[in-house]
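J.: Structure below; questions to follow.
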Amino acid sequence: RNWSLSSISEFLLLALADTRQLQLLHFWLLLGIYLAALLGNGLISTAVACDHRLHTPMYFFLLNLALLDLGCISTTLPKAMANALWHTRAISYAGCAAQIFFFVFFISSEYSVLTVMSYDRYVAICKPLNYGTLLGSRACATMAAAAWGTGLLHAVLHTAGTFSLPLCQGNAVDQFFCEIPQILKLSCSDAYLREVGLIVISVLVVLGCSFFIVVSYVQIFRAVLRMPSEQGWHKAFSTCLPHLAVLSLFFSTAFLAYLKPPSLFSPSLNLLVSFLYSVVPPTLNPLIYSMRNQELRDAVRKMMPWSRFSRDKLLICLCK
């Protein structure tokens with residue numbers, strides 16, 4: 001059967017499981033992951049916003065990263081949970097377009113923010129005396145706005161390019177959320193080359209950002225190796241390791257998703273890999289950043305009601 005662009009009112013997403021029991025199990029699993037991501041990124045955002053000691057460029061960019069992670073995981077998981085709970089696969093045409101728009105927006109913006117964060121670490125370690133000048137509040141706001149603006153531009157171009165194509169290969173999407181490569185498979189026109197061209201341009205931008213990150217860290221490692229004390233080494237590496245770990249997680253999951261050999265393709269493996277790159281990084285990033293950051297852990301702990309209760313109780317006991 002041929003499908004035209006105007007006749008498709010909804011798409012059918014890939015089911016997470018075949019049986020009702022497994023669908024409900026997946027719902028509870030996804031709900032747990034989603035709540036963990038909301039809690040972790042929400043705590044980091046609130047801590048950075050409320051604690052004046054964290055009002056520095058590094059934590060400002062970390063706040064942006066946490067907000068983008070919240071947006072990214074909120075684009076894909078709620079719909080997947082709803083479909084698993086209500087035993088359906090449908091997503092509306094507008095809903096599918098919105099998923100692609102917001103997912104590209106948040107992912108592109110996140111990579112731009114990670115690139116800016118590498119510059120922040122470079123200035124902090126290689127040009128510490130100029131840190132306040134090069135990364136003042138206006139410069140940080142400008143770089144953050146540029147990162148979000150880049151994501152917005154990518155999202156508009158890719159969404160418009162993808163959904164301007166005539167679709168005649170059905171409406172079944174082999175993914176648990178709407179994804180550009182899966183929508184392109186439904187196209188019946190050579191016009192899909194236009195979207196492929198946009199993807200190539202995006203890849204070139206990503207390679208440019210990657211080159212900038214690599215150069216930044218080469219300079220950082222050279223500066224660290226010239227430091228005379230082990231304490232300086234430890235401090236420099238402790239501020240860089242979380243960023244490197246987040247970058248590694250981002251790259252490795254995206255590499256698995258888009259550069260895996262075609263011989264390894266299967267619906268179940270494709271589902272697992274897409275889950276890894278779309279869900280795992282936003283959930284683990286708060287844990288990675290808080291693991292080796294005492295300032296951030298202290299700020300989060302201060303917000304916990306039970307920590308205030310324990311502190312007040314201790315003070316009462318000491319007064320007695």
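If you're wondering about the labels, chains in the structure tokens are A, B, ... by order shown, residues count from 1 in each chain, ligands from 1 in order shown.
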So which residues of segment 10-229 of chain A fall under alpha helix (DSSP H) by DSSP, listed as a PDB file with C-alpha atoms, in the first residue's frame?
T.:
```
ATOM      1  CA  ARG A  20       1.356  -7.565  28.797  1.00  0.00           C
ATOM      2  CA  GLN A  21       3.367  -8.613  31.853  1.00  0.00           C
ATOM      3  CA  LEU A  22       6.654  -7.568  30.236  1.00  0.00           C
ATOM      4  CA  GLN A  23       5.130  -4.284  29.097  1.00  0.00           C
ATOM      5  CA  LEU A  24       4.131  -3.462  32.680  1.00  0.00           C
ATOM      6  CA  LEU A  25       7.595  -4.493  33.884  1.00  0.00           C
ATOM      7  CA  HIS A  26       9.158  -2.157  31.332  1.00  0.00           C
ATOM      8  CA  PHE A  27       6.832   0.630  32.474  1.00  0.00           C
ATOM      9  CA  TRP A  28       7.991   0.355  36.088  1.00  0.00           C
ATOM     10  CA  LEU A  29      11.625   0.073  35.011  1.00  0.00           C
ATOM     11  CA  LEU A  30      11.387   3.172  32.810  1.00  0.00           C
ATOM     12  CA  LEU A  31       9.520   5.029  35.548  1.00  0.00           C
ATOM     13  CA  GLY A  32      12.327   4.267  38.010  1.00  0.00           C
ATOM     14  CA  ILE A  33      14.978   5.444  35.548  1.00  0.00           C
ATOM     15  CA  TYR A  34      13.005   8.587  34.718  1.00  0.00           C
ATOM     16  CA  LEU A  35      12.507   9.495  38.381  1.00  0.00           C
ATOM     17  CA  ALA A  36      16.218   8.915  39.052  1.00  0.00           C
ATOM     18  CA  ALA A  37      17.127  11.241  36.168  1.00  0.00           C
ATOM     19  CA  LEU A  38      14.645  13.873  37.353  1.00  0.00           C
ATOM     20  CA  LEU A  39      15.958  13.661  40.906  1.00  0.00           C
ATOM     21  CA  GLY A  40      19.652  13.786  39.976  1.00  0.00           C
ATOM     22  CA  ASN A  41      19.430  16.593  37.445  1.00  0.00           C
ATOM     23  CA  GLY A  42      16.855  18.456  39.523  1.00  0.00           C
ATOM     24  CA  LEU A  43      19.086  18.385  42.608  1.00  0.00           C
ATOM     25  CA  ILE A  44      22.103  19.623  40.643  1.00  0.00           C
ATOM     26  CA  SER A  45      20.062  22.433  39.021  1.00  0.00           C
ATOM     27  CA  THR A  46      18.595  23.532  42.349  1.00  0.00           C
ATOM     28  CA  ALA A  47      21.938  23.331  44.174  1.00  0.00           C
ATOM     29  CA  VAL A  48      23.753  25.416  41.563  1.00  0.00           C
ATOM     30  CA  ALA A  49      20.939  27.970  41.384  1.00  0.00           C
ATOM     31  CA  CYS A  50      20.539  28.362  45.156  1.00  0.00           C
ATOM     32  CA  PRO A  57      31.430  29.426  35.239  1.00  0.00           C
ATOM     33  CA  MET A  58      32.025  25.682  35.715  1.00  0.00           C
ATOM     34  CA  TYR A  59      28.822  25.205  37.687  1.00  0.00           C
ATOM     35  CA  PHE A  60      26.891  27.568  35.431  1.00  0.00           C
ATOM     36  CA  PHE A  61      27.652  25.307  32.468  1.00  0.00           C
ATOM     37  CA  LEU A  62      26.880  22.264  34.616  1.00  0.00           C
ATOM     38  CA  LEU A  63      23.453  23.800  35.332  1.00  0.00           C
ATOM     39  CA  ASN A  64      22.893  24.114  31.569  1.00  0.00           C
ATOM     40  CA  LEU A  65      23.953  20.489  31.077  1.00  0.00           C
ATOM     41  CA  ALA A  66      21.528  19.297  33.776  1.00  0.00           C
ATOM     42  CA  LEU A  67      18.633  21.235  32.219  1.00  0.00           C
ATOM     43  CA  LEU A  68      19.423  19.778  28.787  1.00  0.00           C
ATOM     44  CA  ASP A  69      19.585  16.258  30.241  1.00  0.00           C
ATOM     45  CA  LEU A  70      16.168  16.798  31.830  1.00  0.00           C
ATOM     46  CA  GLY A  71      14.758  17.924  28.486  1.00  0.00           C
ATOM     47  CA  CYS A  72      16.392  15.089  26.550  1.00  0.00           C
ATOM     48  CA  ILE A  73      15.061  12.263  28.706  1.00  0.00           C
ATOM     49  CA  SER A  74      11.646  13.939  29.020  1.00  0.00           C
ATOM     50  CA  THR A  75      11.336  13.905  25.225  1.00  0.00           C
ATOM     51  CA  THR A  76      11.517  10.115  24.876  1.00  0.00           C
ATOM     52  CA  LEU A  77      10.637   8.278  28.096  1.00  0.00           C
ATOM     53  CA  PRO A  78       7.166   9.646  29.037  1.00  0.00           C
ATOM     54  CA  LYS A  79       5.674   8.571  25.692  1.00  0.00           C
ATOM     55  CA  ALA A  80       7.385   5.159  25.888  1.00  0.00           C
ATOM     56  CA  MET A  81       6.006   4.699  29.421  1.00  0.00           C
ATOM     57  CA  ALA A  82       2.509   5.741  28.346  1.00  0.00           C
ATOM     58  CA  ASN A  83       2.553   3.304  25.416  1.00  0.00           C
ATOM     59  CA  ALA A  84       3.751   0.467  27.660  1.00  0.00           C
ATOM     60  CA  LEU A  85       1.117   1.247  30.290  1.00  0.00           C
ATOM     61  CA  TRP A  86      -1.798   1.639  27.875  1.00  0.00           C
ATOM     62  CA  TYR A  93       2.117  12.906  13.414  1.00  0.00           C
ATOM     63  CA  ALA A  94       2.550  16.152  15.366  1.00  0.00           C
ATOM     64  CA  GLY A  95       3.826  14.242  18.394  1.00  0.00           C
ATOM     65  CA  CYS A  96       6.426  12.475  16.262  1.00  0.00           C
ATOM     66  CA  ALA A  97       7.585  15.771  14.749  1.00  0.00           C
ATOM     67  CA  ALA A  98       7.788  17.282  18.245  1.00  0.00           C
ATOM     68  CA  GLN A  99       9.873  14.354  19.496  1.00  0.00           C
ATOM     69  CA  ILE A 100      12.376  14.743  16.666  1.00  0.00           C
ATOM     70  CA  PHE A 101      12.531  18.517  17.096  1.00  0.00           C
ATOM     71  CA  PHE A 102      13.135  18.457  20.853  1.00  0.00           C
ATOM     72  CA  PHE A 103      15.473  15.453  20.795  1.00  0.00           C
ATOM     73  CA  VAL A 104      17.721  17.044  18.145  1.00  0.00           C
ATOM     74  CA  PHE A 105      17.504  20.366  19.994  1.00  0.00           C
ATOM     75  CA  PHE A 106      18.568  18.956  23.358  1.00  0.00           C
ATOM     76  CA  ILE A 107      21.240  16.587  21.993  1.00  0.00           C
ATOM     77  CA  SER A 108      22.826  19.262  19.773  1.00  0.00           C
ATOM     78  CA  SER A 109      22.741  21.853  22.557  1.00  0.00           C
ATOM     79  CA  GLU A 110      24.238  19.357  25.009  1.00  0.00           C
ATOM     80  CA  TYR A 111      27.195  18.627  22.774  1.00  0.00           C
ATOM     81  CA  SER A 112      27.744  22.365  22.298  1.00  0.00           C
ATOM     82  CA  VAL A 113      27.679  22.877  26.083  1.00  0.00           C
ATOM     83  CA  LEU A 114      30.160  20.016  26.553  1.00  0.00           C
ATOM     84  CA  THR A 115      32.431  21.748  24.023  1.00  0.00           C
ATOM     85  CA  VAL A 116      32.178  25.027  25.935  1.00  0.00           C
ATOM     86  CA  MET A 117      32.924  23.166  29.177  1.00  0.00           C
ATOM     87  CA  SER A 118      36.194  21.903  27.701  1.00  0.00           C
ATOM     88  CA  TYR A 119      37.128  25.540  27.023  1.00  0.00           C
ATOM     89  CA  ASP A 120      36.238  26.397  30.624  1.00  0.00           C
ATOM     90  CA  ARG A 121      38.610  23.681  31.899  1.00  0.00           C
ATOM     91  CA  TYR A 122      41.314  24.842  29.470  1.00  0.00           C
ATOM     92  CA  VAL A 123      41.162  28.435  30.730  1.00  0.00           C
ATOM     93  CA  ALA A 124      40.998  27.345  34.397  1.00  0.00           C
ATOM     94  CA  ILE A 125      44.146  25.202  34.122  1.00  0.00           C
ATOM     95  CA  CYS A 126      46.196  26.827  31.356  1.00  0.00           C
ATOM     96  CA  TYR A 131      39.984  33.108  34.149  1.00  0.00           C
ATOM     97  CA  GLY A 132      37.797  35.921  35.488  1.00  0.00           C
ATOM     98  CA  THR A 133      38.397  38.031  32.378  1.00  0.00           C
ATOM     99  CA  LEU A 134      37.912  35.342  29.724  1.00  0.00           C
ATOM    100  CA  SER A 137      29.294  36.466  33.468  1.00  0.00           C
ATOM    101  CA  ARG A 138      28.593  38.089  30.090  1.00  0.00           C
ATOM    102  CA  ALA A 139      30.963  35.738  28.242  1.00  0.00           C
ATOM    103  CA  CYS A 140      29.413  32.683  29.951  1.00  0.00           C
ATOM    104  CA  ALA A 141      25.884  33.828  29.112  1.00  0.00           C
ATOM    105  CA  THR A 142      26.903  34.452  25.485  1.00  0.00           C
ATOM    106  CA  MET A 143      28.489  31.002  25.129  1.00  0.00           C
ATOM    107  CA  ALA A 144      25.486  29.286  26.735  1.00  0.00           C
ATOM    108  CA  ALA A 145      23.098  31.192  24.449  1.00  0.00           C
ATOM    109  CA  ALA A 146      25.207  30.219  21.424  1.00  0.00           C
ATOM    110  CA  ALA A 147      25.085  26.549  22.490  1.00  0.00           C
ATOM    111  CA  TRP A 148      21.292  26.584  22.876  1.00  0.00           C
ATOM    112  CA  GLY A 149      20.920  28.600  19.659  1.00  0.00           C
ATOM    113  CA  THR A 150      23.005  26.055  17.740  1.00  0.00           C
ATOM    114  CA  GLY A 151      20.732  23.276  19.006  1.00  0.00           C
ATOM    115  CA  LEU A 152      17.641  25.248  18.004  1.00  0.00           C
ATOM    116  CA  LEU A 153      18.979  25.842  14.482  1.00  0.00           C
ATOM    117  CA  HIS A 154      19.818  22.136  14.049  1.00  0.00           C
ATOM    118  CA  ALA A 155      16.393  21.124  15.323  1.00  0.00           C
ATOM    119  CA  VAL A 156      14.521  23.458  12.953  1.00  0.00           C
ATOM    120  CA  LEU A 157      16.564  22.419   9.911  1.00  0.00           C
ATOM    121  CA  HIS A 158      16.385  18.666  10.565  1.00  0.00           C
ATOM    122  CA  THR A 159      12.700  18.606  11.528  1.00  0.00           C
ATOM    123  CA  ALA A 160      11.694  20.676   8.500  1.00  0.00           C
ATOM    124  CA  GLY A 161      13.931  18.599   6.209  1.00  0.00           C
ATOM    125  CA  THR A 162      12.614  15.285   7.504  1.00  0.00           C
ATOM    126  CA  PHE A 163       8.894  16.050   7.505  1.00  0.00           C
ATOM    127  CA  ILE A 180      15.321  10.834  11.914  1.00  0.00           C
ATOM    128  CA  PRO A 181      16.951   7.727  10.331  1.00  0.00           C
ATOM    129  CA  GLN A 182      13.780   5.716  10.961  1.00  0.00           C
ATOM    130  CA  ILE A 183      11.542   8.374   9.364  1.00  0.00           C
ATOM    131  CA  LEU A 184      13.889   8.588   6.350  1.00  0.00           C
ATOM    132  CA  TYR A 192      15.751  12.366   1.264  1.00  0.00           C
ATOM    133  CA  LEU A 193      19.232  13.260  -0.037  1.00  0.00           C
ATOM    134  CA  ARG A 194      18.509  16.801   1.126  1.00  0.00           C
ATOM    135  CA  GLU A 195      18.156  15.596   4.718  1.00  0.00           C
ATOM    136  CA  VAL A 196      21.218  13.386   4.300  1.00  0.00           C
ATOM    137  CA  GLY A 197      23.070  16.553   3.273  1.00  0.00           C
ATOM    138  CA  LEU A 198      21.962  18.245   6.491  1.00  0.00           C
ATOM    139  CA  ILE A 199      23.160  15.237   8.471  1.00  0.00           C
ATOM    140  CA  VAL A 200      26.561  15.441   6.750  1.00  0.00           C
ATOM    141  CA  ILE A 201      26.801  19.134   7.683  1.00  0.00           C
ATOM    142  CA  SER A 202      25.919  18.267  11.287  1.00  0.00           C
ATOM    143  CA  VAL A 203      28.589  15.560  11.325  1.00  0.00           C
ATOM    144  CA  LEU A 204      31.152  18.102  10.116  1.00  0.00           C
ATOM    145  CA  VAL A 205      30.101  20.475  12.919  1.00  0.00           C
ATOM    146  CA  VAL A 206      30.432  17.631  15.446  1.00  0.00           C
ATOM    147  CA  LEU A 207      33.905  16.810  14.102  1.00  0.00           C
ATOM    148  CA  GLY A 208      34.876  20.472  14.423  1.00  0.00           C
ATOM    149  CA  CYS A 209      33.686  20.535  18.058  1.00  0.00           C
ATOM    150  CA  SER A 210      35.491  17.249  18.711  1.00  0.00           C
ATOM    151  CA  PHE A 211      38.711  18.692  17.291  1.00  0.00           C
ATOM    152  CA  PHE A 212      38.333  21.719  19.592  1.00  0.00           C
ATOM    153  CA  ILE A 213      37.795  19.426  22.617  1.00  0.00           C
ATOM    154  CA  VAL A 214      40.843  17.294  21.744  1.00  0.00           C
ATOM    155  CA  VAL A 215      43.076  20.359  21.278  1.00  0.00           C
ATOM    156  CA  SER A 216      41.828  21.795  24.593  1.00  0.00           C
ATOM    157  CA  TYR A 217      42.671  18.616  26.476  1.00  0.00           C
ATOM    158  CA  VAL A 218      46.063  18.257  24.812  1.00  0.00           C
ATOM    159  CA  GLN A 219      46.891  21.727  26.141  1.00  0.00           C
ATOM    160  CA  ILE A 220      45.456  20.835  29.545  1.00  0.00           C
ATOM    161  CA  PHE A 221      47.517  17.651  29.856  1.00  0.00           C
ATOM    162  CA  ARG A 222      50.671  19.494  28.783  1.00  0.00           C
ATOM    163  CA  ALA A 223      50.042  22.131  31.452  1.00  0.00           C
ATOM    164  CA  VAL A 224      49.307  19.522  34.120  1.00  0.00           C
ATOM    165  CA  LEU A 225      52.488  17.584  33.364  1.00  0.00           C
TER     166      LEU A 225
END
```
J.: Please provide as a PyMOL selection string all residues within 12 Å of Ser238 of chain A, with the sequence filter that same-chain residues fewer than 6 positions apart are discarded (counting only C-alpha atoms).
T.: chain A and resi 121+125+224+231-232+244-245+288-294
J.: How would the residues just picked look written out with N, CA and C atoms as a short mmCIF file (atom, residue, chain, number, x, y, z; two decimals), in the first residue's frame?
T.:
```cif
data_model
loop_
_atom_site.label_atom_id
_atom_site.label_comp_id
_atom_site.auth_asym_id
_atom_site.auth_seq_id
_atom_site.Cartn_x
_atom_site.Cartn_y
_atom_site.Cartn_z
N ARG A 121 37.53 24.41 31.21
CA ARG A 121 38.61 23.68 31.90
C ARG A 121 39.98 24.12 31.37
N ILE A 125 42.87 25.88 33.85
CA ILE A 125 44.15 25.20 34.12
C ILE A 125 45.32 25.86 33.39
N VAL A 224 49.31 20.32 32.89
CA VAL A 224 49.31 19.52 34.12
C VAL A 224 50.65 18.82 34.32
N GLN A 231 49.86 17.63 44.31
CA GLN A 231 48.59 18.23 44.70
C GLN A 231 47.96 18.99 43.54
N GLY A 232 48.80 19.70 42.76
CA GLY A 232 48.30 20.41 41.58
C GLY A 232 47.76 19.44 40.54
N LEU A 244 35.48 14.53 31.26
CA LEU A 244 35.95 13.50 30.34
C LEU A 244 35.07 12.26 30.39
N ALA A 245 34.60 11.90 31.59
CA ALA A 245 33.73 10.73 31.72
C ALA A 245 32.40 10.95 31.02
N ILE A 288 27.96 11.10 37.83
CA ILE A 288 29.37 11.28 37.46
C ILE A 288 29.91 12.59 38.00
N TYR A 289 29.13 13.66 37.88
CA TYR A 289 29.61 14.96 38.31
C TYR A 289 29.65 15.12 39.82
N SER A 290 28.77 14.44 40.52
CA SER A 290 28.75 14.58 41.98
C SER A 290 29.72 13.63 42.67
N MET A 291 30.19 12.60 41.94
CA MET A 291 31.00 11.56 42.57
C MET A 291 32.32 12.11 43.11
N ARG A 292 32.98 12.99 42.35
CA ARG A 292 34.29 13.51 42.74
C ARG A 292 34.24 15.00 43.06
N ASN A 293 33.06 15.54 43.31
CA ASN A 293 32.93 16.98 43.54
C ASN A 293 32.36 17.22 44.94
N GLN A 294 33.24 17.54 45.88
CA GLN A 294 32.82 17.72 47.27
C GLN A 294 31.92 18.94 47.43
#
```
J.: What's the separation between atom CA of Gly170 of chain A and atom CA of Leu186 of chain A, in Å to one decimal place?
T.: 6.3 Å
J.: Grab the atom CA of Asn171 of chain A to atom CA of Leu12 of chain A distance for me, in Å with one decimal place.
T.: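 Between these atoms lies a distance of 6.1 Å.
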J.: Quick one, how far is atom CA of Leu16 of chain A from atom CA of Ser274 of chain A?
T.: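 For atom CA of Leu16 of chain A relative to atom CA of Ser274 of chain A, the distance reads 12.1 Å.
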